[in-house]
Structures are given as C-alpha cells and as structure tokens.
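What's in final-v2.txt: compact mmCIF, C-alpha atoms
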```txt
# COMPACT_ATOMS: atom_id res chain seq x y z
CA MET A 1 56.24 42.74 -58.16
CA ARG A 2 52.87 43.50 -59.82
CA GLN A 3 52.78 45.93 -62.64
CA GLY A 4 50.13 48.61 -63.06
CA HIS A 5 46.55 47.52 -63.75
CA ARG A 6 45.82 46.57 -67.30
CA GLY A 7 43.30 48.74 -69.11
CA ALA A 8 43.52 51.48 -66.53
CA ARG A 9 41.74 54.58 -67.79
CA PRO A 10 43.68 57.86 -67.99
CA ALA A 11 42.94 60.43 -65.37
CA GLU A 12 39.74 62.32 -66.15
CA LYS A 13 39.87 66.01 -66.89
CA PRO A 14 38.66 68.17 -64.02
CA ALA A 15 35.01 69.12 -64.48
CA GLU A 16 35.70 72.78 -64.07
CA SER A 17 38.07 72.79 -67.04
CA LEU A 18 35.55 71.26 -69.45
CA PRO A 19 34.31 73.72 -72.07
CA VAL A 20 30.67 74.73 -71.83
CA HIS A 21 28.69 75.12 -75.02
CA PRO A 22 27.70 78.77 -75.39
CA ALA A 23 24.11 77.85 -76.28
CA ARG A 24 23.68 75.90 -73.06
CA LYS A 25 22.55 77.59 -69.89
CA PRO A 26 22.38 76.19 -66.40
CA VAL A 27 18.94 74.82 -65.63
CA GLU A 28 18.52 77.06 -62.63
CA SER A 29 19.02 80.18 -64.79
CA LEU A 30 16.11 79.42 -67.12
CA PRO A 31 12.88 81.29 -66.34
CA VAL A 32 10.01 79.16 -65.11
CA HIS A 33 6.56 80.21 -66.23
CA PRO A 34 4.11 80.19 -63.29
CA LEU A 35 1.52 78.15 -65.23
CA LYS A 36 3.88 75.30 -66.07
CA HIS A 37 3.92 72.06 -64.09
CA GLY A 38 6.03 72.24 -60.96
CA ALA A 39 6.42 76.00 -61.09
CA ALA A 40 4.42 76.45 -57.90
CA GLU A 41 7.11 74.54 -56.02
CA THR A 42 10.03 76.54 -57.43
CA ALA A 43 8.64 80.04 -57.79
CA SER A 44 7.98 82.18 -54.77
CA PRO A 45 5.67 85.21 -54.97
CA ASP A 46 7.32 88.60 -54.98
CA ALA A 47 5.89 90.94 -52.34
CA SER A 48 6.22 93.93 -54.69
CA HIS A 49 4.23 92.13 -57.38
CA LEU A 50 1.53 91.21 -54.86
CA GLY A 51 1.25 94.87 -53.95
CA LEU A 52 0.92 95.77 -57.64
CA ILE A 53 -1.81 93.16 -58.09
CA ARG A 54 -3.75 94.52 -55.12
CA LEU A 55 -3.44 98.07 -56.41
CA THR A 56 -4.60 97.22 -59.93
CA ILE A 57 -7.55 95.19 -58.64
CA GLY A 58 -8.50 98.18 -56.49
CA ILE A 59 -8.43 100.46 -59.54
CA VAL A 60 -10.61 98.04 -61.51
CA VAL A 61 -13.13 97.80 -58.66
CA LEU A 62 -13.26 101.59 -58.28
CA THR A 63 -13.70 102.00 -62.04
CA ARG A 64 -16.61 99.54 -62.09
CA ALA A 65 -18.19 101.31 -59.13
CA GLY A 66 -17.63 104.62 -60.89
CA PHE A 67 -19.79 103.45 -63.80
CA PHE A 68 -22.79 103.19 -61.47
CA LEU A 69 -22.07 106.25 -59.34
CA GLY A 70 -20.99 108.49 -62.20
CA SER A 71 -23.96 107.65 -64.42
CA GLY A 72 -26.27 108.78 -61.61
CA MET A 73 -24.45 112.10 -61.44
CA GLY A 74 -24.52 112.67 -65.18
CA ILE A 75 -20.83 111.82 -65.82
CA PRO A 76 -20.36 110.04 -69.18
CA ILE A 77 -19.26 106.44 -68.52
CA GLU A 78 -16.71 106.59 -71.34
CA TRP A 79 -14.76 109.24 -69.41
CA ILE A 80 -14.84 107.03 -66.31
CA GLY A 81 -13.49 104.12 -68.34
CA ILE A 82 -10.74 106.26 -69.88
CA ALA A 83 -9.74 107.52 -66.42
CA GLY A 84 -9.54 103.96 -65.07
CA ALA A 85 -7.45 102.77 -68.03
CA ALA A 86 -5.12 105.76 -67.71
CA ALA A 87 -4.67 105.03 -63.99
CA LEU A 88 -3.67 101.43 -64.77
CA VAL A 89 -1.13 102.57 -67.38
CA LEU A 90 0.30 105.17 -65.00
CA VAL A 91 0.66 102.67 -62.14
CA ARG A 92 2.40 100.23 -64.47
CA TRP A 93 4.74 103.00 -65.68
CA ILE A 94 5.68 104.07 -62.15
CA TRP A 95 5.83 100.62 -60.58
CA LEU A 96 7.49 98.58 -63.32
CA ARG A 97 9.28 101.41 -65.17
CA ARG A 98 7.63 100.29 -68.40
CA GLY A 99 6.07 102.84 -70.73
CA PRO A 100 2.97 102.39 -72.84
CA LYS A 101 4.87 101.56 -76.05
CA ASP A 102 4.55 97.78 -75.70
CA LEU A 103 0.82 98.19 -75.05
CA ILE A 104 0.57 99.18 -78.69
CA THR A 105 3.14 96.81 -80.18
CA GLN A 106 2.02 93.71 -78.23
CA THR A 107 -1.76 94.26 -78.24
CA PRO A 108 -3.64 91.42 -80.00
CA TRP A 109 -5.24 93.71 -82.56
CA HIS A 110 -6.98 90.82 -84.31
CA ILE A 111 -9.08 90.32 -81.18
CA ILE A 112 -9.90 94.05 -81.11
CA VAL A 113 -11.03 93.83 -84.73
CA PHE A 114 -13.15 90.82 -83.82
CA ALA A 115 -14.77 92.80 -80.98
CA PHE A 116 -15.56 95.65 -83.38
CA GLY A 117 -17.08 93.21 -85.85
CA ILE A 118 -19.48 91.68 -83.36
CA TYR A 119 -20.90 95.11 -82.52
CA VAL A 120 -21.59 95.57 -86.22
CA ILE A 121 -23.56 92.33 -86.00
CA VAL A 122 -25.61 93.75 -83.13
CA TYR A 123 -26.46 96.83 -85.18
CA ALA A 124 -27.46 94.62 -88.12
CA PHE A 125 -29.67 92.50 -85.82
CA HIS A 126 -31.42 95.61 -84.57
CA GLN A 127 -31.91 97.14 -88.00
CA SER A 128 -33.23 93.90 -89.53
CA GLY A 129 -35.98 93.50 -86.94
CA ALA A 130 -34.51 90.28 -85.53
CA VAL A 131 -34.40 91.77 -82.02
CA ASP A 132 -38.08 92.68 -82.16
CA ALA A 133 -38.93 89.19 -83.37
CA ALA A 134 -36.93 87.65 -80.51
CA ALA A 135 -38.67 89.92 -78.01
CA ASP A 136 -42.09 88.88 -79.34
CA PHE A 137 -41.21 85.17 -79.14
CA LEU A 138 -39.73 85.38 -75.65
CA SER A 139 -42.61 87.44 -74.26
CA ARG A 140 -45.04 84.73 -75.36
CA GLN A 141 -42.90 82.03 -73.72
CA ILE A 142 -42.48 83.98 -70.48
CA ASP A 143 -46.11 85.20 -70.26
CA GLY A 144 -45.49 87.04 -66.99
CA ASP A 145 -44.03 84.03 -65.16
CA ARG A 146 -40.87 84.76 -63.17
CA PHE A 147 -39.53 81.19 -63.35
CA ALA A 148 -39.97 81.08 -67.13
CA ALA A 149 -38.40 84.53 -67.45
CA ILE A 150 -35.27 83.47 -65.58
CA PHE A 151 -34.67 80.24 -67.48
CA TRP A 152 -35.71 81.48 -70.92
CA MET A 153 -33.53 84.60 -70.68
CA GLY A 154 -30.62 82.70 -69.11
CA GLY A 155 -30.74 80.11 -71.90
CA TRP A 156 -31.24 82.75 -74.60
CA LEU A 157 -28.19 84.74 -73.46
CA THR A 158 -26.11 81.56 -73.23
CA LEU A 159 -26.99 80.68 -76.82
CA LEU A 160 -26.25 84.19 -78.09
CA SER A 161 -22.95 84.33 -76.19
CA VAL A 162 -21.82 81.02 -77.64
CA LEU A 163 -22.75 82.03 -81.18
CA MET A 164 -21.27 85.54 -81.18
CA ASN A 165 -19.90 86.83 -77.85
CA ASN A 166 -21.28 87.80 -74.46
CA LEU A 167 -20.91 91.57 -74.97
CA PRO A 168 -23.22 91.87 -77.99
CA ALA A 169 -25.40 89.15 -76.44
CA VAL A 170 -26.07 91.37 -73.41
CA MET A 171 -26.97 94.27 -75.69
CA ILE A 172 -29.40 92.13 -77.70
CA GLY A 173 -30.87 90.64 -74.52
CA THR A 174 -31.36 94.09 -72.99
CA MET A 175 -33.02 95.42 -76.14
CA SER A 176 -35.27 92.36 -76.20
CA LEU A 177 -36.32 92.90 -72.58
CA THR A 178 -37.21 96.54 -73.13
CA GLY A 179 -39.66 95.51 -75.84
CA MET A 180 -41.53 92.89 -73.81
CA ASN A 181 -43.56 95.15 -71.48
CA LEU A 182 -43.02 92.82 -68.52
CA GLU A 183 -43.98 93.51 -64.93
CA THR A 184 -41.25 95.08 -62.82
CA GLU A 185 -40.35 91.99 -60.76
CA VAL A 186 -40.34 89.75 -63.83
CA MET A 187 -38.26 92.27 -65.77
CA GLN A 188 -35.68 92.55 -62.99
CA SER A 189 -35.42 88.78 -62.57
CA ALA A 190 -35.04 88.31 -66.32
CA TYR A 191 -32.33 90.97 -66.48
CA MET A 192 -30.32 89.25 -63.73
CA ALA A 193 -30.72 85.98 -65.64
CA ASN A 194 -29.27 87.86 -68.62
CA ILE A 195 -26.15 88.53 -66.58
CA LEU A 196 -25.83 84.89 -65.47
CA GLY A 197 -26.25 83.61 -69.01
CA SER A 198 -23.71 86.03 -70.44
CA ASP A 199 -21.17 85.55 -67.62
CA ILE A 200 -21.47 81.79 -66.97
CA GLY A 201 -23.05 80.29 -70.08
CA ALA A 202 -20.66 82.26 -72.30
CA LEU A 203 -17.76 80.20 -70.93
CA LEU A 204 -18.85 77.11 -72.88
CA VAL A 205 -16.58 78.09 -75.79
CA PRO A 206 -13.52 80.38 -75.93
CA VAL A 207 -15.23 82.80 -78.31
CA GLY A 208 -17.96 83.39 -75.71
CA THR A 209 -15.94 86.05 -73.88
CA LEU A 210 -13.15 88.39 -74.90
CA ALA A 211 -11.40 87.53 -71.63
CA SER A 212 -11.16 83.86 -72.68
CA LEU A 213 -9.71 84.84 -76.05
CA LEU A 214 -7.18 87.14 -74.40
CA TRP A 215 -5.89 84.64 -71.85
CA MET A 216 -5.68 81.92 -74.51
CA PHE A 217 -3.62 84.37 -76.57
CA ILE A 218 -1.36 84.99 -73.55
CA LEU A 219 -0.92 81.25 -72.95
CA ARG A 220 -0.05 80.67 -76.60
CA SER A 221 2.51 83.49 -76.50
CA HIS A 222 4.17 81.62 -73.61
CA ARG A 223 4.05 78.36 -75.62
CA ILE A 224 1.42 76.79 -73.39
CA PRO A 225 -1.10 75.61 -75.98
CA ILE A 226 -4.69 74.87 -75.00
CA THR A 227 -6.78 73.57 -77.88
CA TRP A 228 -10.46 74.24 -78.33
CA GLY A 229 -11.10 70.54 -77.79
CA LYS A 230 -9.49 70.56 -74.34
CA TYR A 231 -11.25 73.77 -73.39
CA VAL A 232 -14.72 72.61 -74.50
CA LYS A 233 -14.29 69.23 -72.83
CA VAL A 234 -13.75 70.84 -69.43
CA ALA A 235 -16.28 73.64 -70.01
CA PHE A 236 -19.16 71.31 -70.89
CA ALA A 237 -18.48 69.28 -67.76
CA VAL A 238 -18.63 72.31 -65.46
CA VAL A 239 -20.48 75.27 -67.01
CA PRO A 240 -23.99 73.77 -67.57
CA VAL A 241 -24.19 72.58 -63.96
CA GLY A 242 -23.00 75.93 -62.64
CA LEU A 243 -25.47 77.81 -64.85
CA VAL A 244 -28.49 75.72 -63.83
CA VAL A 245 -27.61 75.95 -60.13
CA SER A 246 -27.15 79.73 -60.46
CA LEU A 247 -30.51 80.19 -62.23
CA PHE A 248 -32.33 78.12 -59.60
CA THR A 249 -30.58 80.12 -56.86
CA LEU A 250 -31.67 83.35 -58.57
CA TYR A 251 -35.27 82.14 -58.68
CA PHE A 252 -35.39 81.28 -54.96
CA TRP A 253 -33.44 84.41 -54.01
CA THR A 254 -35.73 86.77 -55.93
CA GLY A 255 -38.70 84.92 -54.40
CA LEU A 256 -37.70 86.36 -51.03
CA PHE A 257 -38.29 89.91 -52.33
CA TYR A 258 -41.30 89.49 -54.63
```
Write out the structure in this file as structure tokens.
Amino acid sequence: MRQGHRGARPAEKPAESLPVHPARKPVESLPVHPLKHGAAETASPDASHLGLIRLTIGIVVLTRAGFFLGSGMGIPIEWIGIAGAAALVLVRWIWLRRGPKDLITQTPWHIIVFAFGIYVIVYAFHQSGAVDAAADFLSRQIDGDRFAAIFWMGGWLTLLSVLMNNLPAVMIGTMSLTGMNLETEVMQSAYMANILGSDIGALLVPVGTLASLLWMFILRSHRIPITWGKYVKVAFAVVPVGLVVSLFTLYFWTGLFY
C-alpha cells in the first residue's frame, strides 16, 4: 500500500484570510488621471461634468462678447471681466459645492507675479522710446504693402511673444501700429497679423503664453512632467508651418475685401 506523496506541500492558506498591508490599495480603487496613458479606455465621462464644461464655456464666450458689446456702450471692460469671473466662481460653488478658498491657496502666484513683471517691461519699452523706434523701422519695411505688413507684423509679434509673452507683445505691436500712419486696409491686415503672431507664434515656447505656463503647472501638480525640450521639439515641428499657412490665408482672405 503506497504511502502519501513525498515532499507534498502543506495546504495553502485561503486567500481571503491573508493579511493585507494597510498601505496597499486595490488597483481599481486608485484614481486614474485622464491625461495618463490608457485612461481613455478606463475613464468614462460624467454627464454632470460635461454639463459644467458647457456652462463654463458659455460664460467665457459671453464674457468675451461682452468686451466688444460693452465697450461700444461705454461699459468699462474691467467690470465685464469681473462679472464673468464672478459668474464662473458662483457656478463652481453651486455645481461642485466648492467655495473660493482653494482659488487663493492653490493659485500659482509665481505666474501672476511673472505676468505683472512683463507689463512693467512694456511700460519701460514705451518710456524708453523703443516702441517708437520699432514703429519707424517697421513702417519703412512695410511701405504701404499689405503682404509685407502681414508677414512683418506676424513675425514681429512672434518674436516678441517668444522673448517676453504674447500679452505684452500685443500691446507693443498695437502701439507700434498706431505710430505708423498706414492706410486703413494695410493697418487692418497688419493688426490681424498681430493676432496670428501672438496666438500661434507665441506657442513656440512655454513662456509665450500664460495659458501654456498654467497648464504645464497643472500637469506638474499631477506628476505628469513635460520638459521644455519635449515641448519645444513638438512646437517647432508644428507651429512655424501653421503660422505661415495662417498668414498666407490672411493675405488671400483680405484680398477679397480690399
């Protein structure tokens, strides 16, 4: 009669009785950030959050439209901006039950200080006569030509945005245009090129727009690092082509009206 198997292992302890380390959590209970790889497959959009997104976008659009409509009616644009910001805070408070306290404690104040500093630079540019010198140089390069106005101003605003930021760049570009004494159609085309240069060309580096700095700050706070090298590598492959195509499109589009 055969005896029991040699080397037979003792009966294993039931899995449910094994102790679980308190620091360990089940994988399914860990939050998945929507920007991480594979999150799109596991996270499903919440209908309530989609409604909140639509509402906030609507408030932003109405606020931007209010700048144009209110300025024509004599309403100070700063009051329109304050009203729009207050509406966003109120919607957040009602919808998410979150007060404005964390807006103060979690605001990236170093970026706000940076934004204040670049406006000081604009004032210094204006007081030193650098804006007048730029206007004189650009007016000689443009010489009343619409094509030259579009590409010179688009390139000039791109350079300024990369060096300082697109917000002060627009102010310097606008002040330069007002001192050139250009014809109406050339002035309007150059001003629209200003917008393209400051909105598209500014994306070459993160410092070009406050929005880029803010979303990089948000990504870093969620431990999703994006280095300047990675950003610039992608930006230089996409932004110059988009800017040139946009400036050419502006030239042909304005040609239909002038």
Check your understanding: Which one of A:Leu138, A:Leu88, A:Leu203, A:Ile195 sits closest to Asn181 (chain A) if you count all atoms listed in the file?
Key -> A:Leu138
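The coordinates place CA of Gln188 (chain A) at 9.6 Å from CA of Ala149 (chain A).
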Point to revise | Contacts of Ser212 (chain A) within 12 Å, all atoms listed in the file, excl. fewer than 2 positions in-chain, as an MDAnalysis selection string | key: chainID A and resid 111 165:166 199:200 202:210 214:219 226 228 231:232 235
Exercise for review: Grab the CA of Gly51 (chain A) to CA of Ile94 (chain A) distance for me, in Å with one decimal place.
Suggested key: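 Straight-line distance from CA of Gly51 (chain A) to CA of Ile94 (chain A) works out to 13.1 Å.
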